[in-house]
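Just work39.cif here, mmCIF, N, CA and C atoms:
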```cif
data_final
#
loop_
_atom_site.label_atom_id
_atom_site.label_comp_id
_atom_site.auth_asym_id
_atom_site.auth_seq_id
_atom_site.Cartn_x
_atom_site.Cartn_y
_atom_site.Cartn_z
N MET P 17 -1.48 -19.82 -8.59
CA MET P 17 -1.20 -18.45 -8.99
C MET P 17 -0.72 -17.65 -7.77
N THR P 18 0.33 -16.91 -7.93
CA THR P 18 0.84 -16.05 -6.87
C THR P 18 -0.14 -14.92 -6.61
N LYS P 19 -0.33 -14.63 -5.36
CA LYS P 19 -1.21 -13.52 -4.98
C LYS P 19 -0.34 -12.30 -4.69
N ILE P 20 -0.65 -11.19 -5.33
CA ILE P 20 0.02 -9.92 -5.07
C ILE P 20 -1.07 -8.88 -4.89
N TYR P 21 -1.13 -8.34 -3.69
CA TYR P 21 -2.23 -7.44 -3.33
C TYR P 21 -1.78 -5.99 -3.23
N LEU P 22 -2.73 -5.12 -3.47
CA LEU P 22 -2.56 -3.69 -3.26
C LEU P 22 -3.59 -3.25 -2.24
N GLN P 23 -3.14 -2.59 -1.20
CA GLN P 23 -4.04 -2.00 -0.21
C GLN P 23 -3.78 -0.51 -0.20
N THR P 24 -4.82 0.29 -0.36
CA THR P 24 -4.71 1.74 -0.32
C THR P 24 -5.05 2.22 1.08
N HIS P 25 -4.22 3.11 1.60
CA HIS P 25 -4.36 3.64 2.96
C HIS P 25 -4.55 5.15 2.84
N LYS P 26 -5.71 5.65 3.22
CA LYS P 26 -6.01 7.08 3.10
C LYS P 26 -5.60 7.83 4.36
N VAL P 27 -4.67 8.77 4.20
CA VAL P 27 -4.15 9.54 5.32
C VAL P 27 -5.27 10.28 6.05
N GLU P 28 -6.23 10.80 5.32
CA GLU P 28 -7.29 11.60 5.96
C GLU P 28 -8.20 10.76 6.85
N LEU P 29 -8.24 9.46 6.62
CA LEU P 29 -9.09 8.58 7.44
C LEU P 29 -8.32 7.90 8.57
N TRP P 30 -7.07 7.48 8.29
CA TRP P 30 -6.36 6.63 9.23
C TRP P 30 -5.00 7.17 9.66
N GLY P 31 -4.64 8.38 9.26
CA GLY P 31 -3.32 8.89 9.61
C GLY P 31 -2.24 8.12 8.87
N LEU P 32 -1.04 8.17 9.38
CA LEU P 32 0.07 7.45 8.76
C LEU P 32 0.17 6.05 9.34
N PRO P 33 0.51 5.07 8.51
CA PRO P 33 0.72 3.71 9.04
C PRO P 33 1.94 3.68 9.96
N SER P 34 2.02 2.65 10.75
CA SER P 34 3.14 2.46 11.66
C SER P 34 4.43 2.24 10.87
N THR P 35 5.52 2.67 11.45
CA THR P 35 6.83 2.40 10.86
C THR P 35 7.61 1.43 11.74
N GLU P 36 6.92 0.77 12.66
CA GLU P 36 7.57 -0.17 13.56
C GLU P 36 6.87 -1.52 13.50
N GLY P 37 7.59 -2.55 13.88
CA GLY P 37 7.00 -3.89 13.94
C GLY P 37 6.86 -4.53 12.58
N GLU P 38 6.04 -5.57 12.56
CA GLU P 38 5.85 -6.31 11.32
C GLU P 38 4.89 -5.57 10.39
N GLY P 39 4.85 -6.01 9.13
CA GLY P 39 3.92 -5.42 8.17
C GLY P 39 2.50 -5.81 8.53
N GLY P 40 1.56 -4.95 8.18
CA GLY P 40 0.19 -5.28 8.49
C GLY P 40 -0.81 -4.38 7.81
N ILE P 41 -1.96 -4.96 7.51
CA ILE P 41 -3.08 -4.20 6.94
C ILE P 41 -4.38 -4.68 7.58
N TYR P 42 -5.35 -3.81 7.60
CA TYR P 42 -6.71 -4.16 8.01
C TYR P 42 -7.57 -4.26 6.76
N THR P 43 -8.47 -5.22 6.75
CA THR P 43 -9.40 -5.38 5.64
C THR P 43 -10.69 -5.99 6.15
N ASN P 44 -11.77 -5.77 5.42
CA ASN P 44 -13.03 -6.43 5.76
C ASN P 44 -13.27 -7.66 4.88
N LYS P 45 -12.29 -8.02 4.07
CA LYS P 45 -12.40 -9.17 3.17
C LYS P 45 -12.17 -10.47 3.95
N SER P 46 -13.24 -11.22 4.18
CA SER P 46 -13.13 -12.44 5.00
C SER P 46 -12.32 -13.54 4.31
N TRP P 47 -12.24 -13.51 2.97
CA TRP P 47 -11.49 -14.54 2.26
C TRP P 47 -10.00 -14.53 2.61
N ILE P 48 -9.52 -13.44 3.21
CA ILE P 48 -8.11 -13.34 3.56
C ILE P 48 -7.73 -14.30 4.67
N GLU P 49 -8.72 -14.83 5.39
CA GLU P 49 -8.44 -15.80 6.47
C GLU P 49 -7.85 -17.10 5.94
N LYS P 50 -8.23 -17.49 4.73
CA LYS P 50 -7.77 -18.76 4.16
C LYS P 50 -6.32 -18.61 3.70
N GLN P 51 -5.48 -19.51 4.17
CA GLN P 51 -4.05 -19.43 3.87
C GLN P 51 -3.75 -19.46 2.37
N GLU P 52 -4.58 -20.13 1.60
CA GLU P 52 -4.34 -20.17 0.15
C GLU P 52 -4.52 -18.80 -0.51
N ASN P 53 -5.10 -17.86 0.22
CA ASN P 53 -5.28 -16.50 -0.30
C ASN P 53 -4.18 -15.54 0.14
N TRP P 54 -3.24 -16.01 0.92
CA TRP P 54 -2.17 -15.15 1.39
C TRP P 54 -1.16 -14.90 0.27
N GLY P 55 -0.50 -13.75 0.34
CA GLY P 55 0.49 -13.41 -0.67
C GLY P 55 1.24 -12.15 -0.29
N LEU P 56 1.87 -11.55 -1.28
CA LEU P 56 2.63 -10.32 -1.11
C LEU P 56 1.67 -9.14 -1.10
N VAL P 57 1.88 -8.20 -0.18
CA VAL P 57 1.03 -7.01 -0.07
C VAL P 57 1.87 -5.77 -0.28
N PHE P 58 1.38 -4.87 -1.13
CA PHE P 58 1.93 -3.53 -1.26
C PHE P 58 0.96 -2.58 -0.59
N LEU P 59 1.45 -1.78 0.34
CA LEU P 59 0.63 -0.76 0.99
C LEU P 59 0.99 0.58 0.38
N VAL P 60 0.00 1.23 -0.22
CA VAL P 60 0.18 2.55 -0.82
C VAL P 60 -0.60 3.56 0.01
N VAL P 61 0.10 4.60 0.45
CA VAL P 61 -0.51 5.65 1.25
C VAL P 61 -0.84 6.80 0.32
N THR P 62 -2.04 7.37 0.52
CA THR P 62 -2.48 8.48 -0.33
C THR P 62 -3.10 9.59 0.49
N GLY P 63 -2.87 10.81 0.04
CA GLY P 63 -3.44 11.98 0.69
C GLY P 63 -3.04 13.22 -0.09
N THR P 64 -3.62 14.34 0.30
CA THR P 64 -3.26 15.63 -0.32
C THR P 64 -2.05 16.18 0.42
N PRO P 65 -1.33 17.13 -0.18
CA PRO P 65 -0.21 17.73 0.54
C PRO P 65 -0.62 18.25 1.92
N LYS P 66 -1.77 18.89 2.01
CA LYS P 66 -2.26 19.43 3.28
C LYS P 66 -2.48 18.31 4.29
N GLN P 67 -3.08 17.20 3.86
CA GLN P 67 -3.34 16.08 4.77
C GLN P 67 -2.04 15.46 5.28
N TYR P 68 -1.05 15.34 4.42
CA TYR P 68 0.25 14.82 4.86
C TYR P 68 0.86 15.74 5.92
N ARG P 69 0.79 17.05 5.70
CA ARG P 69 1.34 17.99 6.68
C ARG P 69 0.58 17.90 8.01
N GLU P 70 -0.75 17.75 7.94
CA GLU P 70 -1.57 17.69 9.16
C GLU P 70 -1.24 16.48 10.04
N VAL P 71 -0.80 15.39 9.45
CA VAL P 71 -0.47 14.20 10.25
C VAL P 71 1.02 14.12 10.58
N GLY P 72 1.76 15.18 10.25
CA GLY P 72 3.17 15.25 10.63
C GLY P 72 4.12 14.45 9.75
N PHE P 73 3.73 14.25 8.50
CA PHE P 73 4.61 13.55 7.57
C PHE P 73 5.84 14.41 7.35
N GLU P 74 7.00 13.88 7.69
CA GLU P 74 8.22 14.69 7.68
C GLU P 74 9.02 14.62 6.40
N GLN P 75 8.70 13.68 5.53
CA GLN P 75 9.44 13.58 4.28
C GLN P 75 9.11 14.78 3.41
N LYS P 76 10.12 15.38 2.80
CA LYS P 76 9.90 16.54 1.94
C LYS P 76 9.08 16.12 0.72
N LEU P 77 8.02 16.87 0.46
CA LEU P 77 7.19 16.58 -0.71
C LEU P 77 7.83 17.24 -1.92
N PRO P 78 8.08 16.47 -2.99
CA PRO P 78 8.70 17.05 -4.18
C PRO P 78 7.84 18.18 -4.75
N GLU P 79 8.51 19.16 -5.34
CA GLU P 79 7.83 20.33 -5.90
C GLU P 79 6.69 19.96 -6.84
N ILE P 80 6.92 18.96 -7.67
CA ILE P 80 5.90 18.60 -8.67
C ILE P 80 4.60 18.12 -8.02
N THR P 81 4.67 17.61 -6.79
CA THR P 81 3.48 17.08 -6.14
C THR P 81 2.69 18.15 -5.40
N LEU P 82 3.27 19.31 -5.21
CA LEU P 82 2.58 20.33 -4.41
C LEU P 82 1.29 20.80 -5.06
N SER P 83 1.18 20.68 -6.38
CA SER P 83 -0.05 21.06 -7.06
C SER P 83 -0.98 19.86 -7.27
N SER P 84 -0.52 18.68 -6.92
CA SER P 84 -1.32 17.47 -7.11
C SER P 84 -2.49 17.43 -6.13
N LYS P 85 -3.60 16.89 -6.60
CA LYS P 85 -4.73 16.70 -5.69
C LYS P 85 -4.38 15.66 -4.66
N ARG P 86 -3.84 14.53 -5.10
CA ARG P 86 -3.45 13.45 -4.18
C ARG P 86 -2.04 12.99 -4.51
N ILE P 87 -1.33 12.63 -3.47
CA ILE P 87 0.02 12.12 -3.62
C ILE P 87 0.01 10.67 -3.17
N TYR P 88 0.69 9.81 -3.91
CA TYR P 88 0.71 8.37 -3.63
C TYR P 88 2.14 7.93 -3.35
N PHE P 89 2.33 7.27 -2.21
CA PHE P 89 3.63 6.73 -1.82
C PHE P 89 3.51 5.23 -1.62
N LEU P 90 4.49 4.50 -2.13
CA LEU P 90 4.63 3.10 -1.77
C LEU P 90 5.27 3.11 -0.39
N TRP P 91 4.52 2.63 0.61
CA TRP P 91 4.93 2.74 2.00
C TRP P 91 5.65 1.50 2.49
N GLU P 92 5.06 0.34 2.15
CA GLU P 92 5.64 -0.90 2.66
C GLU P 92 5.20 -2.09 1.84
N LYS P 93 5.94 -3.18 2.00
CA LYS P 93 5.53 -4.46 1.42
C LYS P 93 5.82 -5.55 2.43
N PHE P 94 5.05 -6.64 2.36
CA PHE P 94 5.28 -7.80 3.21
C PHE P 94 4.47 -8.96 2.68
N GLU P 95 4.83 -10.16 3.11
CA GLU P 95 4.03 -11.34 2.79
C GLU P 95 3.19 -11.70 4.00
N ILE P 96 1.95 -12.01 3.75
CA ILE P 96 1.03 -12.38 4.84
C ILE P 96 1.46 -13.72 5.44
N GLU P 97 1.58 -13.72 6.76
CA GLU P 97 1.93 -14.94 7.49
C GLU P 97 0.90 -15.30 8.55
N GLN P 98 0.04 -14.34 8.88
CA GLN P 98 -0.96 -14.57 9.92
C GLN P 98 -2.14 -13.63 9.69
N VAL P 99 -3.34 -14.11 9.99
CA VAL P 99 -4.55 -13.29 9.90
C VAL P 99 -5.35 -13.50 11.18
N LYS P 100 -5.78 -12.40 11.78
CA LYS P 100 -6.61 -12.45 12.98
C LYS P 100 -7.87 -11.63 12.73
N GLN P 101 -8.99 -12.11 13.23
CA GLN P 101 -10.22 -11.32 13.15
C GLN P 101 -10.27 -10.42 14.38
N CYS P 102 -10.55 -9.15 14.15
CA CYS P 102 -10.61 -8.16 15.23
C CYS P 102 -12.03 -8.09 15.78
N SER P 103 -12.18 -7.44 16.93
CA SER P 103 -13.49 -7.35 17.57
C SER P 103 -14.49 -6.55 16.74
N ASP P 104 -14.01 -5.67 15.87
CA ASP P 104 -14.92 -4.88 15.03
C ASP P 104 -15.30 -5.59 13.72
N GLY P 105 -14.86 -6.84 13.58
CA GLY P 105 -15.20 -7.62 12.38
C GLY P 105 -14.16 -7.53 11.28
N GLN P 106 -13.25 -6.59 11.38
CA GLN P 106 -12.18 -6.47 10.38
C GLN P 106 -11.17 -7.60 10.59
N PHE P 107 -10.31 -7.77 9.60
CA PHE P 107 -9.25 -8.77 9.67
C PHE P 107 -7.91 -8.05 9.61
N LEU P 108 -6.99 -8.47 10.47
CA LEU P 108 -5.64 -7.93 10.48
C LEU P 108 -4.72 -8.98 9.89
N ALA P 109 -4.14 -8.66 8.72
CA ALA P 109 -3.19 -9.55 8.05
C ALA P 109 -1.80 -8.99 8.29
N THR P 110 -0.91 -9.85 8.83
CA THR P 110 0.43 -9.39 9.19
C THR P 110 1.49 -10.36 8.68
N GLY P 111 2.73 -9.88 8.70
CA GLY P 111 3.84 -10.75 8.32
C GLY P 111 5.17 -10.04 8.33
N ASN P 112 6.22 -10.80 8.61
CA ASN P 112 7.60 -10.29 8.57
C ASN P 112 8.35 -10.72 7.32
N LYS P 113 7.85 -11.74 6.65
CA LYS P 113 8.53 -12.26 5.47
C LYS P 113 8.53 -11.19 4.37
N ARG P 114 9.69 -10.93 3.81
CA ARG P 114 9.89 -9.90 2.77
C ARG P 114 9.43 -8.52 3.23
N HIS P 115 9.34 -8.32 4.55
CA HIS P 115 8.84 -7.04 5.07
C HIS P 115 9.86 -5.93 4.84
N GLN P 116 9.36 -4.85 4.31
CA GLN P 116 10.19 -3.68 4.07
C GLN P 116 9.33 -2.43 4.17
N ILE P 117 9.74 -1.51 5.02
CA ILE P 117 9.13 -0.18 5.07
C ILE P 117 10.07 0.73 4.29
N PHE P 118 9.54 1.42 3.32
CA PHE P 118 10.37 2.23 2.43
C PHE P 118 10.64 3.58 3.07
N THR P 119 11.91 3.81 3.40
CA THR P 119 12.33 5.06 4.02
C THR P 119 13.48 5.62 3.20
N PRO P 120 13.28 6.70 2.48
CA PRO P 120 12.02 7.43 2.41
C PRO P 120 10.97 6.66 1.59
N SER P 121 9.72 7.03 1.81
CA SER P 121 8.64 6.42 1.05
C SER P 121 8.83 6.71 -0.43
N LEU P 122 8.41 5.77 -1.28
CA LEU P 122 8.65 5.89 -2.71
C LEU P 122 7.47 6.59 -3.39
N LEU P 123 7.73 7.75 -3.97
CA LEU P 123 6.71 8.52 -4.67
C LEU P 123 6.32 7.79 -5.95
N LEU P 124 5.03 7.57 -6.13
CA LEU P 124 4.54 6.87 -7.32
C LEU P 124 4.01 7.82 -8.39
N ASN P 125 3.55 9.00 -8.01
CA ASN P 125 2.91 9.92 -8.96
C ASN P 125 3.68 10.14 -10.24
N ASN P 126 5.00 10.20 -10.15
CA ASN P 126 5.83 10.56 -11.30
C ASN P 126 6.38 9.36 -12.06
N THR P 127 5.98 8.16 -11.68
CA THR P 127 6.49 6.98 -12.37
C THR P 127 5.68 6.71 -13.64
N ILE P 128 6.35 6.16 -14.63
CA ILE P 128 5.71 5.87 -15.92
C ILE P 128 4.60 4.84 -15.74
N GLY P 129 3.43 5.17 -16.25
CA GLY P 129 2.29 4.25 -16.20
C GLY P 129 1.43 4.38 -14.97
N PHE P 130 1.85 5.21 -13.99
CA PHE P 130 1.09 5.28 -12.74
C PHE P 130 -0.31 5.85 -12.93
N GLU P 131 -0.45 6.90 -13.72
CA GLU P 131 -1.76 7.56 -13.85
C GLU P 131 -2.81 6.59 -14.37
N GLU P 132 -2.47 5.81 -15.37
CA GLU P 132 -3.41 4.81 -15.90
C GLU P 132 -3.71 3.74 -14.85
N PHE P 133 -2.68 3.29 -14.17
CA PHE P 133 -2.84 2.30 -13.09
C PHE P 133 -3.76 2.86 -12.00
N ARG P 134 -3.51 4.10 -11.59
CA ARG P 134 -4.30 4.74 -10.53
C ARG P 134 -5.78 4.76 -10.89
N LYS P 135 -6.09 5.09 -12.11
CA LYS P 135 -7.49 5.17 -12.54
C LYS P 135 -8.22 3.84 -12.43
N HIS P 136 -7.50 2.75 -12.67
CA HIS P 136 -8.15 1.43 -12.69
C HIS P 136 -8.04 0.65 -11.40
N TYR P 137 -6.98 0.89 -10.61
CA TYR P 137 -6.72 0.01 -9.48
C TYR P 137 -6.64 0.69 -8.12
N MET P 138 -6.51 2.00 -8.07
CA MET P 138 -6.35 2.67 -6.79
C MET P 138 -7.71 3.00 -6.18
N THR P 139 -8.38 1.96 -5.75
CA THR P 139 -9.67 2.10 -5.09
C THR P 139 -9.49 1.69 -3.63
N SER P 140 -10.49 1.89 -2.85
CA SER P 140 -10.42 1.44 -1.46
C SER P 140 -10.49 -0.07 -1.42
N GLY P 141 -9.81 -0.63 -0.46
CA GLY P 141 -9.90 -2.06 -0.28
C GLY P 141 -8.69 -2.81 -0.78
N LEU P 142 -8.75 -4.10 -0.62
CA LEU P 142 -7.66 -4.99 -0.97
C LEU P 142 -7.92 -5.58 -2.35
N ILE P 143 -6.97 -5.39 -3.26
CA ILE P 143 -7.14 -5.82 -4.65
C ILE P 143 -6.01 -6.80 -5.00
N ASN P 144 -6.36 -7.91 -5.66
CA ASN P 144 -5.36 -8.87 -6.12
C ASN P 144 -4.87 -8.44 -7.50
N LEU P 145 -3.70 -7.84 -7.53
CA LEU P 145 -3.13 -7.35 -8.80
C LEU P 145 -2.70 -8.49 -9.71
N ALA P 146 -2.27 -9.59 -9.14
CA ALA P 146 -1.80 -10.72 -9.96
C ALA P 146 -2.94 -11.31 -10.78
N LYS P 147 -4.16 -11.14 -10.33
CA LYS P 147 -5.32 -11.67 -11.06
C LYS P 147 -5.46 -11.01 -12.43
N ASN P 148 -5.27 -9.69 -12.48
CA ASN P 148 -5.39 -8.94 -13.73
C ASN P 148 -4.04 -8.63 -14.36
N CYS P 149 -3.00 -8.71 -13.57
CA CYS P 149 -1.62 -8.48 -14.00
C CYS P 149 -1.44 -7.21 -14.84
N PRO P 150 -1.76 -6.05 -14.25
CA PRO P 150 -1.55 -4.80 -14.99
C PRO P 150 -0.05 -4.57 -15.24
N PRO P 151 0.30 -3.90 -16.34
CA PRO P 151 1.72 -3.66 -16.63
C PRO P 151 2.45 -2.95 -15.49
N TYR P 152 1.74 -2.10 -14.75
CA TYR P 152 2.38 -1.34 -13.66
C TYR P 152 2.81 -2.24 -12.50
N LEU P 153 2.27 -3.43 -12.42
CA LEU P 153 2.68 -4.37 -11.38
C LEU P 153 4.18 -4.61 -11.44
N GLN P 154 4.73 -4.74 -12.64
CA GLN P 154 6.18 -4.93 -12.80
C GLN P 154 6.94 -3.73 -12.25
N THR P 155 6.41 -2.53 -12.45
CA THR P 155 7.04 -1.32 -11.91
C THR P 155 7.06 -1.37 -10.39
N LEU P 156 5.94 -1.75 -9.76
CA LEU P 156 5.89 -1.86 -8.30
C LEU P 156 6.93 -2.87 -7.78
N LEU P 157 7.01 -4.01 -8.44
CA LEU P 157 7.97 -5.03 -8.04
C LEU P 157 9.41 -4.51 -8.16
N GLU P 158 9.70 -3.83 -9.27
CA GLU P 158 11.05 -3.31 -9.49
C GLU P 158 11.40 -2.20 -8.50
N LEU P 159 10.45 -1.27 -8.27
CA LEU P 159 10.68 -0.19 -7.31
C LEU P 159 10.97 -0.74 -5.92
N SER P 160 10.17 -1.72 -5.52
CA SER P 160 10.34 -2.27 -4.17
C SER P 160 11.62 -3.08 -4.04
N ASP P 161 12.07 -3.70 -5.09
CA ASP P 161 13.30 -4.47 -5.03
C ASP P 161 14.55 -3.58 -5.04
N LYS P 162 14.46 -2.41 -5.66
CA LYS P 162 15.60 -1.49 -5.73
C LYS P 162 15.79 -0.71 -4.44
N ALA P 163 14.72 -0.52 -3.69
CA ALA P 163 14.79 0.33 -2.49
C ALA P 163 15.57 -0.32 -1.37
#
```
Would it be possible to restate this file's structure as structure tokens?
Amino acid sequence: MTKIYLQTHKVELWGLPSTEGEGGIYTNKSWIEKQENWGLVFLVVTGTPKQYREVGFEQKLPEITLSSKRIYFLWEKFEIEQVKQCSDGQFLATGNKRHQIFTPSLLLNNTIGFEEFRKHYMTSGLINLAKNCPPYLQTLLELSDKA
């Protein structure tokens, strides 16, 4: 089974992800060390309009999102090619294969099916979307391929 992961990145905790170098995420999930668990990763950045402004996010926020509690952007995708354990016990999963940083970042809030997806899958941590195969997974794949 193909592994397709979603990692949520909270602006208020970690600032903005890097826009340079290879794709990468940090996780405390030790199972990511095993190569059979590697797959495609979607990194979604989330924060309030105020939090985005505080970290210097320069992309114009669409009018419809200004009243939103949280705004969700598809930031990047990549396939895991290497995993290293960090000194703090976390794991850094990185890769250049299929790596793409979306510039501008892709707003998810206004896409069809996102709200239902957000309620069930937008939690902290690394989630294998292919395991449950939510309908919105196809939307993520299509959005990332069009960008």
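Between CA of Ile41 (chain P) and atom N of Ala109 (chain P) lies a distance of 4.9 Å.
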**Selection result of the PyMOL selection byres (((chain P and resi 33 and name CA) around 12) and name CA) on this file, as a VMD selection string** = chain P and resid 23 to 32 34 to 42 59 to 62 68 71 to 73 89 to 92 117 to 118 121
Can you turn the PyMOL selection byres ((chain P and resi 86) around 6) into a concrete residue list for this file, as a short mmCIF file (atom, residue, chain, number, x, y, z; two decimals) with N, CA and C atoms, keeping the file's coordinate frame?
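Written file, selection_11.cif:
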```cif
data_model
loop_
_atom_site.label_atom_id
_atom_site.label_comp_id
_atom_site.auth_asym_id
_atom_site.auth_seq_id
_atom_site.Cartn_x
_atom_site.Cartn_y
_atom_site.Cartn_z
N GLY P 63 -2.87 10.81 0.04
CA GLY P 63 -3.44 11.98 0.69
C GLY P 63 -3.04 13.22 -0.09
N THR P 64 -3.62 14.34 0.30
CA THR P 64 -3.26 15.63 -0.32
C THR P 64 -2.05 16.18 0.42
N PRO P 65 -1.33 17.13 -0.18
CA PRO P 65 -0.21 17.73 0.54
C PRO P 65 -0.62 18.25 1.92
N SER P 84 -0.52 18.68 -6.92
CA SER P 84 -1.32 17.47 -7.11
C SER P 84 -2.49 17.43 -6.13
N LYS P 85 -3.60 16.89 -6.60
CA LYS P 85 -4.73 16.70 -5.69
C LYS P 85 -4.38 15.66 -4.66
N ILE P 87 -1.33 12.63 -3.47
CA ILE P 87 0.02 12.12 -3.62
C ILE P 87 0.01 10.67 -3.17
N TYR P 88 0.69 9.81 -3.91
CA TYR P 88 0.71 8.37 -3.63
C TYR P 88 2.14 7.93 -3.35
#
```
**Message:** When the PyMOL selection byres ((chain P and resi 142) around 6) is applied to the structure above, which residues does it catch, written out as a PyMOL selection string?
**Reply:** chain P and resi 22-24+140-141+143-144
**Message:** Between atom C of Gln51 (chain P) and atom N of Ala163 (chain P), what distance in Å does the model show, to one decimal?
**Reply:** 27.1 Å
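Between atom C of Cys149 (chain P) and atom C of Arg134 (chain P) lies a distance of 13.3 Å.
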**Asked** Which residues, written as a ChimeraX atom specification, have at least one atom at most 7 Å from Thr18 (chain P), with all atoms listed in the file counted and residues fewer than 3 positions away on the same chain left out?
**Response** /P:54-56,146-147
**Message:** Let's see if you can do this: from backbone DSSP, list all alpha helix (DSSP H) residues in chain P, as a PyMOL selection string.
**Reply:** chain P and resi 27-30+65-70+130-137+145-148+152-162
**Message:** Here's a test: counting all atoms listed in the file, identify every protein, DNA and RNA residue with an atom at most 7 Å from (-14.7, -8.0, 8.6) in the file's coordinate frame, and state them as JSON, numbers by chain.
**Reply:** {"P": [43, 44, 45, 46, 104, 105, 106, 107]}
Provide an axis-aligned box for all listed atoms of region 34-41 of chain P, padding each side by 4 Å; report its centre and its edge lengths in Å to one decimal, as JSON.
```
{"center_x": 1.6, "center_y": -1.8, "center_z": 10.4, "size_x": 20.0, "size_y": 17.0, "size_z": 15.0}
```
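Across P:Leu145, P:Lys135, P:Lys100, P:Pro120, the tightest approach to Gln75 (chain P) is made by P:Pro120 when counting only N, CA and C atoms.
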DSSP-assigned strand (DSSP E) members of region 77-131 of chain P, reported as a CSV table (one decimal) with N, CA and C atoms, in the coordinates of the input:
```csv
chain,number,residue,atom,x,y,z
P,87,ILE,N,-1.3,12.6,-3.5
P,87,ILE,CA,0.0,12.1,-3.6
P,87,ILE,C,0.0,10.7,-3.2
P,88,TYR,N,0.7,9.8,-3.9
P,88,TYR,CA,0.7,8.4,-3.6
P,88,TYR,C,2.1,7.9,-3.4
P,89,PHE,N,2.3,7.3,-2.2
P,89,PHE,CA,3.6,6.7,-1.8
P,89,PHE,C,3.5,5.2,-1.6
P,90,LEU,N,4.5,4.5,-2.1
P,90,LEU,CA,4.6,3.1,-1.8
P,90,LEU,C,5.3,3.1,-0.4
P,91,TRP,N,4.5,2.6,0.6
P,91,TRP,CA,4.9,2.7,2.0
P,91,TRP,C,5.6,1.5,2.5
P,92,GLU,N,5.1,0.3,2.2
P,92,GLU,CA,5.6,-0.9,2.7
P,92,GLU,C,5.2,-2.1,1.8
P,93,LYS,N,5.9,-3.2,2.0
P,93,LYS,CA,5.5,-4.5,1.4
P,93,LYS,C,5.8,-5.6,2.4
P,94,PHE,N,5.0,-6.6,2.4
P,94,PHE,CA,5.3,-7.8,3.2
P,94,PHE,C,4.5,-9.0,2.7
P,95,GLU,N,4.8,-10.2,3.1
P,95,GLU,CA,4.0,-11.3,2.8
P,95,GLU,C,3.2,-11.7,4.0
P,98,GLN,N,0.0,-14.3,8.9
P,98,GLN,CA,-1.0,-14.6,9.9
P,98,GLN,C,-2.1,-13.6,9.7
P,99,VAL,N,-3.3,-14.1,10.0
P,99,VAL,CA,-4.6,-13.3,9.9
P,99,VAL,C,-5.4,-13.5,11.2
P,100,LYS,N,-5.8,-12.4,11.8
P,100,LYS,CA,-6.6,-12.4,13.0
P,100,LYS,C,-7.9,-11.6,12.7
P,101,GLN,N,-9.0,-12.1,13.2
P,101,GLN,CA,-10.2,-11.3,13.2
P,101,GLN,C,-10.3,-10.4,14.4
P,107,PHE,N,-10.3,-7.8,9.6
P,107,PHE,CA,-9.2,-8.8,9.7
P,107,PHE,C,-7.9,-8.0,9.6
P,108,LEU,N,-7.0,-8.5,10.5
P,108,LEU,CA,-5.6,-7.9,10.5
P,108,LEU,C,-4.7,-9.0,9.9
P,109,ALA,N,-4.1,-8.7,8.7
P,109,ALA,CA,-3.2,-9.6,8.0
P,109,ALA,C,-1.8,-9.0,8.3
P,110,THR,N,-0.9,-9.8,8.8
P,110,THR,CA,0.4,-9.4,9.2
P,110,THR,C,1.5,-10.4,8.7
P,111,GLY,N,2.7,-9.9,8.7
P,111,GLY,CA,3.8,-10.8,8.3
P,111,GLY,C,5.2,-10.0,8.3
P,116,GLN,N,9.4,-4.8,4.3
P,116,GLN,CA,10.2,-3.7,4.1
P,116,GLN,C,9.3,-2.4,4.2
P,117,ILE,N,9.7,-1.5,5.0
P,117,ILE,CA,9.1,-0.2,5.1
P,117,ILE,C,10.1,0.7,4.3
P,118,PHE,N,9.5,1.4,3.3
P,118,PHE,CA,10.4,2.2,2.4
P,118,PHE,C,10.6,3.6,3.1
P,119,THR,N,11.9,3.8,3.4
P,119,THR,CA,12.3,5.1,4.0
P,119,THR,C,13.5,5.6,3.2
P,120,PRO,N,13.3,6.7,2.5
P,120,PRO,CA,12.0,7.4,2.4
P,120,PRO,C,11.0,6.7,1.6
P,121,SER,N,9.7,7.0,1.8
P,121,SER,CA,8.6,6.4,1.0
P,121,SER,C,8.8,6.7,-0.4
P,122,LEU,N,8.4,5.8,-1.3
P,122,LEU,CA,8.6,5.9,-2.7
P,122,LEU,C,7.5,6.6,-3.4
P,123,LEU,N,7.7,7.8,-4.0
P,123,LEU,CA,6.7,8.5,-4.7
P,123,LEU,C,6.3,7.8,-6.0
```
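Among the candidates P:Thr139, P:Asn125, P:Ser103, P:Gln116, the residue lying nearest to Lys162 (chain P) is P:Gln116 (atoms considered: only C-alpha atoms).
Each of P:Leu153, P:Thr119, P:Glu49, P:Lys93 was checked against Phe133 (chain P) using all atoms listed in the file; the smallest atom-to-atom distance is that of P:Leu153.
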